[in-house]
Each structure stands twice: as C-alpha cells, then as structure tokens.
Protein chains: 2
Amino acid sequence: MKTNRSHCPLNYALEIFGDKWTLLIIRDIVVSKKKTFGEFSKSPENIATNILANRLQILEKNGILSKQVSPENNKVYLYYLTPKGLDLLPTMLEMVVWGAKYDSETAASAALIERIHNDRSGVIRELSANLTPPQA
Amino acid sequence: MKTNRSHCPLNYALEIFGDKWTLLIIRDIVVSKKKTFGEFSKSPENIATNILANRLQILEKNGILSKQVSPENNKVYLYYLTPKGLDLLPTMLEMVVWGAKYDSETAASAALIERIHNDRSGVIRELSANLTPPQA
DNA sequence: GCTCATTACTTGCATTTTGCAAGTAATGAT
DNA sequence: ATCATTACTTGCAAAATGCAAGTAATGAGC
C-alpha cells in the first residue's frame, strides 16, 4: 500500500480529497440530495464515469461514504455520508465563502453567504438533514 | 484560455487549489514562515521542483501570492501572501481540524486543535503576522 | 419466460499531469 | 576570474484524466 507523505493534518486531508472532483461529489450529496451513481454523473461540471467510480471507491475506503443497496430497487446503490463525511461541511463552507468572495461571477447568493456568516452551525444543521443512512 | 467548469463557489476554489500540493506551499508560508523557492522545495512531503514552480506560478496568476526580489539579495525571490491568500486560512484550519480528528497518527497537537476551537480568530491573527509584503 | 430499458459501472485509448533526475542562467562570494 | 548558490527549466517515464464505447445485473412490460 501507498505510504503517507507525512502526518501533517492538512496533508492527511489533501491525500484524501485533494483533487478537483471529490468535494463536488460531496457537494451534490449535501446540496442536491443526490445519492446514486447516475445522479452524480449528471453534475454541471460533467464528471466522467470512470473518475466518478474511482472517487466513490476512495471515499468509501476512507470511511466518508457508505454504500448500500436501495430498499426499493436492487439495481440502485445509495451513497450516504458517514459522520466523518459530515464533518467535511465546515471545510466546504469555508471554501464556499472564499470562492464567493473572490469569484466575480460567482453563482453563490449573497443571502447564503450571509447566513453562513451569521449562523454557521444552523446552516450546517440544516444541510445535514437526511444525509446519513436511514433507520440508524 | 481554459474555461471554468461552473461558477459554483466550491468549484472555483477547487479549480485554483484543488490538488495535493498547493495548500502545502501556503502551509509552509504560514506555519514555517518560508518565503523562497529553495525553502519550499525542502518540505517534508518532498515536492518536485517543476511542480513547485508550476504551483507558484498558478498562485501568483490567481492573486494568492505576490513575488518580489529580496531587498538583500538580488538572486532571491520572496513570495508573500496577498489578502486573498490570507483568506485561505479559515479553510485550511478547518482541514487541519478534520485531519487531526480522523488521522489516528496525526502530528497535530491536541493543544493546537483546542486553540483553534476556543479562539479561532486569535489563531488566525497570530498566524497572519508577517505574511504580507513589508512596508505596505 | 423473453425482450428491452435502466443502472452501475468497466475498458480502451489518447492526452495531460506528475515525479524524478539532470541541466542551465543569473547572481553573489572569494 | 572562479566557484557556489538560487531559481528555475528540461527530458522522459509513469500515472492520472477525459472521452467514448462496452458490459453485467436487475427490473419492467408483454
């Protein structure tokens, strides 16, 4: 197995989600309530299916997503965030704040950014609803 | 020029620093007070010099670092954080918190993590000292 | 039970990025 | 004038990415 470059906590994070796609998958889960491979593959940034499959596997292996068969349809797999995955929300919100501040053409609404500033934990609480497996 | 994949603020951030090296350079500036190419190239993660040169260029082009000749030695260039670069600190601290929480072998001290939780803006203020160009 | 559509991937291949080692140009020190 | 230092650049193999097409397993309809 590949060895870690260091045990710097920042490096640990980067080794898991330091790429251009991984956090977008998590975004789609959190913001768009997506749960299936097919839904993820329809992101606005157009992730290729082989990359998507690879990232889902990495996320599962690292305990950020859990995968289970849909109770309604055996050919559908549902991806849920684990607590470790949910704990990425603070990082992601900070990235959103930064991106919204410096991208002059940002799609983020001023209202969202303000809410993040004024009531971060409220935002996180709301976003966290229904992201973990049911019937826990 | 390459077009943006979307104007999602998260995607904007990822397009700039979504890779395994960029934030480590910023970390070295912030934590280890490094400023020169030679210092960056001696990181514990061993970044290759061609990658380093590429990332410094991207960071400069995106207004995160500013480069200037050292007043003491004309062959040395000093890299400083801009305000946009300084604004990456909240994101990076959240990543540190996450990495320290989930890497069982983390090098982060419990004291640091506690300080981040108890007095985030104090930590940011301290870390920010002397990171921008002198004599502004 | 058979056919067809859907879902979740996998595969092949060209292009791009990474990683490693070595090389070069411009100072600065002696 | 020579040598060391600093900041890169270059060449090349290996790995990751991106795109298009293919496949296996279910489910729905007849």
# chains A, B, ... in the order shown; residues from 1 in each chain; ligands from 1
$ residues_around --residues "stretch 6-20 of chain C" --least-positions-apart "2" --cutoff "9 Å" --atoms "only C-alpha atoms (C1' of nucleotides)" --output "PDB file with C-alpha atoms (C1' of nucleotides), in the first residue's frame"
ATOM      1  CA  PHE A  37     -24.150   6.988  -9.363  1.00  0.00           C
ATOM      2  CA  GLY A  38     -26.463   8.138 -12.113  1.00  0.00           C
ATOM      3  CA  THR A  49     -17.951   7.963 -15.133  1.00  0.00           C
ATOM      4  CA  ASN A  50     -14.578   6.288 -14.638  1.00  0.00           C
ATOM      5  CA  ALA A  53     -16.377   5.367  -9.898  1.00  0.00           C
ATOM      6  CA  LYS A  75     -30.043  -2.407  -9.005  1.00  0.00           C
ATOM      7  CA  VAL A  76     -29.658   1.001  -7.416  1.00  0.00           C
ATOM      8  CA  TYR A  77     -26.958   1.752  -4.851  1.00  0.00           C
TER       9      TYR A  77
ATOM     10  CA  ILE B  47       7.623  18.434  -3.712  1.00  0.00           C
ATOM     11  CA  ALA B  48       9.409  18.219  -7.061  1.00  0.00           C
ATOM     12  CA  ILE B  51       5.650  21.060  -9.697  1.00  0.00           C
TER      13      ILE B  51
ATOM     14  C1'  DA D  14       4.839   6.602 -15.152  1.00  0.00           C
ATOM     15  C1'  DA D  15       0.417   7.698 -13.538  1.00  0.00           C
ATOM     16  C1'  DA D  16      -3.951  10.158 -13.765  1.00  0.00           C
ATOM     17  C1'  DT D  17      -7.532  12.212 -16.596  1.00  0.00           C
ATOM     18  C1'  DG D  18     -11.024  12.577 -20.148  1.00  0.00           C
ATOM     19  C1'  DA D  21     -17.974   2.820 -26.051  1.00  0.00           C
ATOM     20  C1'  DG D  22     -18.945  -1.601 -23.936  1.00  0.00           C
ATOM     21  C1'  DT D  23     -20.782  -4.954 -20.362  1.00  0.00           C
ATOM     22  C1'  DA D  24     -23.265  -7.236 -16.442  1.00  0.00           C
ATOM     23  C1'  DA D  25     -27.126  -7.303 -13.479  1.00  0.00           C
ATOM     24  C1'  DT D  26     -31.563  -6.111 -12.450  1.00  0.00           C
ATOM     25  C1'  DG D  27     -36.436  -4.617 -13.392  1.00  0.00           C
TER      26       DG D  27
END
$ select_by_dssp --residues "chain A" --states "strand (DSSP E or B)" --output "list in words"
Leu65, Ser66, Lys67, Gln68, Val69, Tyr77, Leu78, Tyr79, Tyr80 and Leu81 of chain A
$ calpha_fit_and_write --fixed "chain B" --moving "chain A" --output "mmCIF file with C-alpha atoms, in the first residue's frame"
data_model
loop_
_atom_site.group_PDB
_atom_site.id
_atom_site.type_symbol
_atom_site.label_atom_id
_atom_site.label_comp_id
_atom_site.auth_asym_id
_atom_site.auth_seq_id
_atom_site.Cartn_x
_atom_site.Cartn_y
_atom_site.Cartn_z
ATOM 1 C CA MET A 1 -7.730 30.229 -22.127
ATOM 2 C CA LYS A 2 -9.324 27.357 -20.300
ATOM 3 C CA THR A 3 -12.917 27.957 -19.359
ATOM 4 C CA ASN A 4 -14.413 27.381 -15.903
ATOM 5 C CA ARG A 5 -16.354 24.207 -15.327
ATOM 6 C CA SER A 6 -19.002 26.167 -13.410
ATOM 7 C CA HIS A 7 -19.363 29.198 -11.175
ATOM 8 C CA CYS A 8 -20.155 27.193 -8.101
ATOM 9 C CA PRO A 9 -18.018 28.835 -5.403
ATOM 10 C CA LEU A 10 -16.730 25.456 -4.274
ATOM 11 C CA ASN A 11 -15.715 24.625 -7.815
ATOM 12 C CA TYR A 12 -13.968 27.983 -8.163
ATOM 13 C CA ALA A 13 -11.893 27.151 -5.110
ATOM 14 C CA LEU A 14 -11.138 23.645 -6.357
ATOM 15 C CA GLU A 15 -10.053 24.879 -9.760
ATOM 16 C CA ILE A 16 -7.401 27.007 -8.066
ATOM 17 C CA PHE A 17 -6.176 24.880 -5.182
ATOM 18 C CA GLY A 18 -7.823 21.512 -5.725
ATOM 19 C CA ASP A 19 -4.692 19.381 -5.828
ATOM 20 C CA LYS A 20 -2.331 17.686 -3.429
ATOM 21 C CA TRP A 21 0.380 20.359 -3.299
ATOM 22 C CA THR A 22 -0.893 23.919 -3.455
ATOM 23 C CA LEU A 23 -2.133 24.247 0.110
ATOM 24 C CA LEU A 24 1.047 22.666 1.438
ATOM 25 C CA ILE A 25 2.998 25.566 -0.029
ATOM 26 C CA ILE A 26 0.684 27.987 1.718
ATOM 27 C CA ARG A 27 1.041 25.964 4.917
ATOM 28 C CA ASP A 28 4.819 26.349 4.730
ATOM 29 C CA ILE A 29 4.453 30.084 4.306
ATOM 30 C CA VAL A 30 2.066 30.369 7.241
ATOM 31 C CA VAL A 31 3.456 27.846 9.679
ATOM 32 C CA SER A 32 7.143 27.721 8.837
ATOM 33 C CA LYS A 33 7.440 31.301 7.620
ATOM 34 C CA LYS A 34 9.047 30.137 4.413
ATOM 35 C CA LYS A 35 9.340 32.645 1.599
ATOM 36 C CA THR A 36 11.724 31.322 -1.055
ATOM 37 C CA PHE A 37 11.722 28.642 -3.721
ATOM 38 C CA GLY A 38 14.583 26.858 -2.027
ATOM 39 C CA GLU A 39 12.769 26.751 1.296
ATOM 40 C CA PHE A 40 9.563 25.451 -0.269
ATOM 41 C CA SER A 41 11.454 22.717 -2.049
ATOM 42 C CA LYS A 42 12.562 21.320 1.307
ATOM 43 C CA SER A 43 9.070 20.452 2.562
ATOM 44 C CA PRO A 44 8.654 17.142 4.401
ATOM 45 C CA GLU A 45 6.434 15.887 1.585
ATOM 46 C CA ASN A 46 9.205 16.445 -0.957
ATOM 47 C CA ILE A 47 7.618 18.439 -3.710
ATOM 48 C CA ALA A 48 9.416 18.217 -7.049
ATOM 49 C CA THR A 49 10.880 21.487 -8.276
ATOM 50 C CA ASN A 50 8.949 21.501 -11.546
ATOM 51 C CA ILE A 51 5.653 21.055 -9.703
ATOM 52 C CA LEU A 52 6.658 23.726 -7.224
ATOM 53 C CA ALA A 53 7.483 26.190 -9.993
ATOM 54 C CA ASN A 54 4.178 25.431 -11.666
ATOM 55 C CA ARG A 55 2.146 25.919 -8.476
ATOM 56 C CA LEU A 56 3.885 29.153 -7.535
ATOM 57 C CA GLN A 57 3.058 30.466 -10.971
ATOM 58 C CA ILE A 58 -0.593 29.468 -10.666
ATOM 59 C CA LEU A 59 -0.821 31.026 -7.220
ATOM 60 C CA GLU A 60 0.697 34.236 -8.443
ATOM 61 C CA LYS A 61 -1.540 34.343 -11.498
ATOM 62 C CA ASN A 62 -4.572 33.889 -9.271
ATOM 63 C CA GLY A 63 -3.579 36.679 -6.914
ATOM 64 C CA ILE A 64 -2.841 34.489 -3.919
ATOM 65 C CA LEU A 65 0.889 35.075 -3.788
ATOM 66 C CA SER A 66 2.956 38.065 -4.769
ATOM 67 C CA LYS A 67 6.567 37.688 -5.784
ATOM 68 C CA GLN A 68 9.294 40.236 -5.257
ATOM 69 C CA VAL A 69 13.037 40.408 -5.358
ATOM 70 C CA SER A 70 14.650 40.229 -1.954
ATOM 71 C CA PRO A 71 15.967 43.632 -0.908
ATOM 72 C CA GLU A 72 19.029 41.906 0.494
ATOM 73 C CA ASN A 73 19.916 39.585 -2.349
ATOM 74 C CA ASN A 74 18.996 40.066 -5.960
ATOM 75 C CA LYS A 75 19.027 36.411 -6.789
ATOM 76 C CA VAL A 76 16.454 35.526 -4.164
ATOM 77 C CA TYR A 77 12.726 35.963 -4.748
ATOM 78 C CA LEU A 78 10.351 36.325 -1.828
ATOM 79 C CA TYR A 79 6.815 35.005 -2.032
ATOM 80 C CA TYR A 80 4.223 36.725 0.126
ATOM 81 C CA LEU A 81 0.564 36.037 0.712
ATOM 82 C CA THR A 82 -1.919 38.540 -0.620
ATOM 83 C CA PRO A 83 -5.172 39.286 1.245
ATOM 84 C CA LYS A 84 -6.818 36.695 -0.991
ATOM 85 C CA GLY A 85 -4.197 34.220 0.119
ATOM 86 C CA LEU A 86 -4.579 35.115 3.776
ATOM 87 C CA ASP A 87 -8.288 34.455 3.400
ATOM 88 C CA LEU A 88 -7.471 30.802 2.818
ATOM 89 C CA LEU A 89 -6.595 30.405 6.479
ATOM 90 C CA PRO A 90 -10.129 29.601 7.675
ATOM 91 C CA THR A 91 -10.456 26.826 5.103
ATOM 92 C CA MET A 92 -7.058 25.460 5.984
ATOM 93 C CA LEU A 93 -7.774 25.487 9.712
ATOM 94 C CA GLU A 94 -10.958 23.515 9.142
ATOM 95 C CA MET A 95 -8.981 21.002 7.149
ATOM 96 C CA VAL A 96 -6.458 20.771 9.980
ATOM 97 C CA VAL A 97 -9.243 20.151 12.490
ATOM 98 C CA TRP A 98 -10.694 17.443 10.267
ATOM 99 C CA GLY A 99 -7.365 15.808 9.557
ATOM 100 C CA ALA A 100 -6.373 15.821 13.202
ATOM 101 C CA LYS A 101 -9.701 14.298 14.176
ATOM 102 C CA TYR A 102 -9.561 11.406 11.761
ATOM 103 C CA ASP A 103 -5.884 10.590 11.301
ATOM 104 C CA SER A 104 -5.082 8.306 14.177
ATOM 105 C CA GLU A 105 -1.400 9.063 13.725
ATOM 106 C CA THR A 106 -1.774 12.799 13.307
ATOM 107 C CA ALA A 107 1.165 15.047 14.065
ATOM 108 C CA ALA A 108 -1.167 17.817 15.245
ATOM 109 C CA SER A 109 -1.071 18.538 18.966
ATOM 110 C CA ALA A 110 -4.260 18.448 20.967
ATOM 111 C CA ALA A 111 -3.348 21.897 22.255
ATOM 112 C CA LEU A 112 -3.386 23.384 18.755
ATOM 113 C CA ILE A 113 -6.735 21.841 17.929
ATOM 114 C CA GLU A 114 -8.159 23.122 21.164
ATOM 115 C CA ARG A 115 -6.877 26.594 20.472
ATOM 116 C CA ILE A 116 -8.472 26.534 17.056
ATOM 117 C CA HIS A 117 -11.781 25.615 18.633
ATOM 118 C CA ASN A 118 -11.591 28.079 21.494
ATOM 119 C CA ASP A 119 -10.159 31.101 19.767
ATOM 120 C CA ARG A 120 -10.171 30.707 16.043
ATOM 121 C CA SER A 121 -9.810 34.360 15.185
ATOM 122 C CA GLY A 122 -6.955 34.685 17.671
ATOM 123 C CA VAL A 123 -5.161 31.821 15.967
ATOM 124 C CA ILE A 124 -5.741 33.372 12.584
ATOM 125 C CA ARG A 125 -4.486 36.724 13.825
ATOM 126 C CA GLU A 126 -1.305 35.171 15.133
ATOM 127 C CA LEU A 127 -0.679 33.118 12.053
ATOM 128 C CA SER A 128 -1.210 36.139 9.843
ATOM 129 C CA ALA A 129 1.723 38.082 11.272
ATOM 130 C CA ASN A 130 4.404 38.987 8.742
ATOM 131 C CA LEU A 131 2.922 37.065 5.845
ATOM 132 C CA THR A 132 2.222 40.014 3.618
ATOM 133 C CA PRO A 133 4.865 42.192 1.935
ATOM 134 C CA PRO A 134 6.692 44.607 4.243
ATOM 135 C CA GLN A 135 6.408 48.369 3.985
ATOM 136 C CA ALA A 136 2.843 48.304 2.647
#
$ closest_atom_pairs --of "chain D" --to "chain B" --cutoff "9 Å" --atoms "only C-alpha atoms (C1' of nucleotides)" --output "tab-separated table"
residue	atom	partner	partner_atom	distance
D:DT5	C1'	B:Lys75	CA	8.9
D:DT6	C1'	B:Lys75	CA	6.1
D:DA7	C1'	B:Phe37	CA	6.7
D:DC8	C1'	B:Ala53	CA	7.1
D:DT9	C1'	B:Asn50	CA	7.8
$ residues_around --residues "D:DC30" --least-positions-apart "6" --cutoff "12 Å" --atoms "only C-alpha atoms (C1' of nucleotides)" --output "ChimeraX atom specification"
/C:1-4
$ write_last_selection --atoms "C-alpha atoms (C1' of nucleotides)" --output "mmCIF file, in the first residue's frame"
data_model
loop_
_atom_site.group_PDB
_atom_site.id
_atom_site.type_symbol
_atom_site.label_atom_id
_atom_site.label_comp_id
_atom_site.auth_asym_id
_atom_site.auth_seq_id
_atom_site.Cartn_x
_atom_site.Cartn_y
_atom_site.Cartn_z
ATOM 1 C "C1'" DG C 1 -40.151 -16.566 -19.799
ATOM 2 C "C1'" DC C 2 -38.407 -13.256 -23.110
ATOM 3 C "C1'" DT C 3 -37.215 -8.678 -24.627
ATOM 4 C "C1'" DC C 4 -35.924 -4.265 -23.715
#
$ decode --residues "stretch 1-27 of chain C" --atoms "N, CA and C atoms (P, O5', C5', C4', C3', O3' and C1' of nucleotides)" --output "compact mmCIF listing (two decimals), in the first residue's frame"
# COMPACT_ATOMS: atom_id res chain seq x y z
P DG C 1 -40.21 -18.80 -16.34
O5' DG C 1 -39.44 -19.37 -17.57
C5' DG C 1 -40.21 -19.87 -18.65
C4' DG C 1 -40.13 -18.92 -19.84
C3' DG C 1 -38.71 -18.43 -20.12
O3' DG C 1 -38.57 -18.45 -21.54
C1' DG C 1 -40.15 -16.57 -19.80
P DC C 2 -37.25 -18.21 -22.29
O5' DC C 2 -37.64 -16.78 -22.87
C5' DC C 2 -38.82 -16.63 -23.66
C4' DC C 2 -38.80 -15.25 -24.29
C3' DC C 2 -37.40 -14.75 -24.65
O3' DC C 2 -37.47 -14.08 -25.92
C1' DC C 2 -38.41 -13.26 -23.11
P DT C 3 -36.19 -13.34 -26.54
O5' DT C 3 -36.60 -11.81 -26.28
C5' DT C 3 -37.86 -11.33 -26.76
C4' DT C 3 -37.96 -9.84 -26.53
C3' DT C 3 -36.69 -9.05 -26.91
O3' DT C 3 -37.07 -7.85 -27.55
C1' DT C 3 -37.22 -8.68 -24.63
P DC C 4 -35.91 -6.85 -28.12
O5' DC C 4 -36.10 -5.61 -27.13
C5' DC C 4 -37.40 -5.19 -26.72
C4' DC C 4 -37.27 -4.17 -25.62
C3' DC C 4 -36.08 -3.22 -25.81
O3' DC C 4 -36.49 -1.89 -25.53
C1' DC C 4 -35.92 -4.27 -23.72
P DA C 5 -35.46 -0.68 -25.77
O5' DA C 5 -35.39 -0.01 -24.32
C5' DA C 5 -36.61 0.23 -23.63
C4' DA C 5 -36.30 0.50 -22.16
C3' DA C 5 -35.25 1.59 -21.96
O3' DA C 5 -35.71 2.44 -20.91
C1' DA C 5 -34.56 -0.40 -20.86
P DT C 6 -34.84 3.71 -20.49
O5' DT C 6 -34.17 3.27 -19.12
C5' DT C 6 -34.98 2.62 -18.15
C4' DT C 6 -34.11 2.19 -16.99
C3' DT C 6 -33.05 3.22 -16.57
O3' DT C 6 -33.15 3.36 -15.17
C1' DT C 6 -32.05 1.12 -16.90
P DT C 7 -32.46 4.54 -14.40
O5' DT C 7 -31.24 3.85 -13.65
C5' DT C 7 -31.49 2.79 -12.74
C4' DT C 7 -30.18 2.10 -12.43
C3' DT C 7 -29.02 3.07 -12.15
O3' DT C 7 -28.59 2.88 -10.80
C1' DT C 7 -28.39 1.30 -13.62
P DA C 8 -27.42 3.75 -10.16
O5' DA C 8 -26.18 2.79 -10.40
C5' DA C 8 -26.19 1.47 -9.85
C4' DA C 8 -24.93 0.75 -10.26
C3' DA C 8 -23.64 1.54 -10.00
O3' DA C 8 -22.64 0.67 -9.48
C1' DA C 8 -23.74 0.92 -12.24
P DC C 9 -21.46 1.29 -8.64
O5' DC C 9 -20.71 2.19 -9.71
C5' DC C 9 -19.47 1.81 -10.24
C4' DC C 9 -19.59 0.68 -11.27
C3' DC C 9 -18.25 0.42 -11.93
O3' DC C 9 -17.70 -0.80 -11.47
C1' DC C 9 -20.06 0.51 -13.52
P DT C 10 -16.09 -0.89 -11.61
O5' DT C 10 -15.85 -1.31 -13.14
C5' DT C 10 -16.43 -2.49 -13.65
C4' DT C 10 -15.94 -2.71 -15.07
C3' DT C 10 -14.42 -2.58 -15.25
O3' DT C 10 -14.04 -3.68 -16.05
C1' DT C 10 -15.55 -1.12 -16.74
P DT C 11 -12.52 -4.00 -16.37
O5' DT C 11 -12.33 -3.39 -17.84
C5' DT C 11 -13.20 -3.81 -18.87
C4' DT C 11 -12.83 -3.08 -20.15
C3' DT C 11 -11.32 -2.89 -20.37
O3' DT C 11 -11.01 -3.37 -21.66
C1' DT C 11 -12.49 -0.84 -20.66
P DG C 12 -9.52 -3.53 -22.17
O5' DG C 12 -9.43 -2.31 -23.20
C5' DG C 12 -10.45 -2.17 -24.19
C4' DG C 12 -10.11 -1.00 -25.08
C3' DG C 12 -8.62 -0.78 -25.31
O3' DG C 12 -8.45 -0.37 -26.66
C1' DG C 12 -9.54 1.15 -24.30
P DC C 13 -6.96 -0.25 -27.28
O5' DC C 13 -6.80 1.33 -27.35
C5' DC C 13 -7.82 2.12 -27.96
C4' DC C 13 -7.55 3.58 -27.68
C3' DC C 13 -6.06 3.97 -27.73
O3' DC C 13 -5.94 5.20 -28.40
C1' DC C 13 -7.01 4.71 -25.75
P DA C 14 -4.51 5.59 -29.09
O5' DA C 14 -4.58 7.18 -29.11
C5' DA C 14 -5.78 7.84 -29.50
C4' DA C 14 -5.94 9.12 -28.69
C3' DA C 14 -4.69 10.01 -28.70
O3' DA C 14 -5.10 11.36 -28.89
C1' DA C 14 -5.28 9.50 -26.47
P DT C 15 -3.98 12.55 -28.96
O5' DT C 15 -4.06 13.21 -27.50
C5' DT C 15 -5.32 13.65 -27.02
C4' DT C 15 -5.14 14.17 -25.62
C3' DT C 15 -3.96 15.14 -25.45
O3' DT C 15 -4.49 16.32 -24.84
C1' DT C 15 -3.94 13.49 -23.77
P DT C 16 -3.56 17.60 -24.48
O5' DT C 16 -3.35 17.42 -22.91
C5' DT C 16 -4.49 17.22 -22.08
C4' DT C 16 -4.03 16.96 -20.66
C3' DT C 16 -2.96 17.94 -20.17
O3' DT C 16 -3.48 18.51 -18.98
C1' DT C 16 -2.34 15.71 -19.69
P DT C 17 -2.65 19.54 -18.06
O5' DT C 17 -2.07 18.59 -16.91
C5' DT C 17 -2.98 17.79 -16.17
C4' DT C 17 -2.19 16.93 -15.18
C3' DT C 17 -1.16 17.72 -14.36
O3' DT C 17 -1.43 17.40 -13.00
C1' DT C 17 -0.16 15.80 -15.33
P DT C 18 -0.49 17.90 -11.80
O5' DT C 18 0.52 16.68 -11.63
C5' DT C 18 0.02 15.43 -11.25
C4' DT C 18 1.15 14.43 -11.09
C3' DT C 18 2.23 14.82 -10.10
O3' DT C 18 2.28 13.80 -9.13
C1' DT C 18 3.17 14.04 -12.15
P DG C 19 3.18 13.95 -7.81
O5' DG C 19 4.56 13.30 -8.27
C5' DG C 19 4.57 11.95 -8.67
C4' DG C 19 5.97 11.56 -9.11
C3' DG C 19 7.08 12.08 -8.20
O3' DG C 19 7.90 10.96 -7.91
C1' DG C 19 7.54 12.60 -10.48
P DC C 20 8.97 10.97 -6.78
O5' DC C 20 10.37 10.94 -7.53
C5' DC C 20 10.64 9.88 -8.46
C4' DC C 20 11.75 10.28 -9.39
C3' DC C 20 12.96 10.93 -8.73
O3' DC C 20 14.09 10.12 -8.98
C1' DC C 20 12.36 12.06 -10.71
P DA C 21 15.51 10.43 -8.28
O5' DA C 21 16.39 10.95 -9.50
C5' DA C 21 16.31 10.28 -10.76
C4' DA C 21 17.03 11.11 -11.80
C3' DA C 21 18.32 11.75 -11.27
O3' DA C 21 19.38 11.46 -12.18
C1' DA C 21 16.92 13.38 -12.29
P DA C 22 20.88 11.96 -11.93
O5' DA C 22 21.07 13.10 -13.02
C5' DA C 22 20.61 12.88 -14.36
C4' DA C 22 20.51 14.21 -15.08
C3' DA C 22 21.76 15.09 -14.90
O3' DA C 22 22.25 15.46 -16.17
C1' DA C 22 19.76 16.32 -14.52
P DG C 23 23.51 16.41 -16.37
O5' DG C 23 22.81 17.75 -16.90
C5' DG C 23 21.87 17.68 -17.98
C4' DG C 23 21.32 19.07 -18.24
C3' DG C 23 22.40 20.15 -18.29
O3' DG C 23 22.13 21.05 -19.36
C1' DG C 23 20.80 20.71 -16.66
P DT C 24 23.31 22.06 -19.82
O5' DT C 24 22.68 23.50 -19.48
C5' DT C 24 21.36 23.82 -19.94
C4' DT C 24 20.92 25.12 -19.30
C3' DT C 24 22.01 26.21 -19.26
O3' DT C 24 21.42 27.44 -19.62
C1' DT C 24 21.09 25.91 -17.13
P DA C 25 22.36 28.57 -20.37
O5' DA C 25 21.66 29.91 -19.89
C5' DA C 25 20.28 29.92 -19.52
C4' DA C 25 20.06 30.97 -18.44
C3' DA C 25 21.08 32.10 -18.47
O3' DA C 25 20.40 33.32 -18.18
C1' DA C 25 21.16 31.05 -16.36
P DA C 26 21.21 34.70 -18.29
O5' DA C 26 21.13 35.20 -16.78
C5' DA C 26 19.87 35.21 -16.11
C4' DA C 26 20.12 35.48 -14.64
C3' DA C 26 21.07 36.65 -14.38
O3' DA C 26 20.55 37.42 -13.30
C1' DA C 26 21.86 34.72 -13.29
P DT C 27 21.18 38.88 -13.04
O5' DT C 27 22.60 38.53 -12.48
C5' DT C 27 23.08 39.17 -11.31
C4' DT C 27 22.62 38.42 -10.05
C3' DT C 27 23.47 38.84 -8.87
O3' DT C 27 22.66 39.12 -7.75
C1' DT C 27 23.72 36.49 -9.27
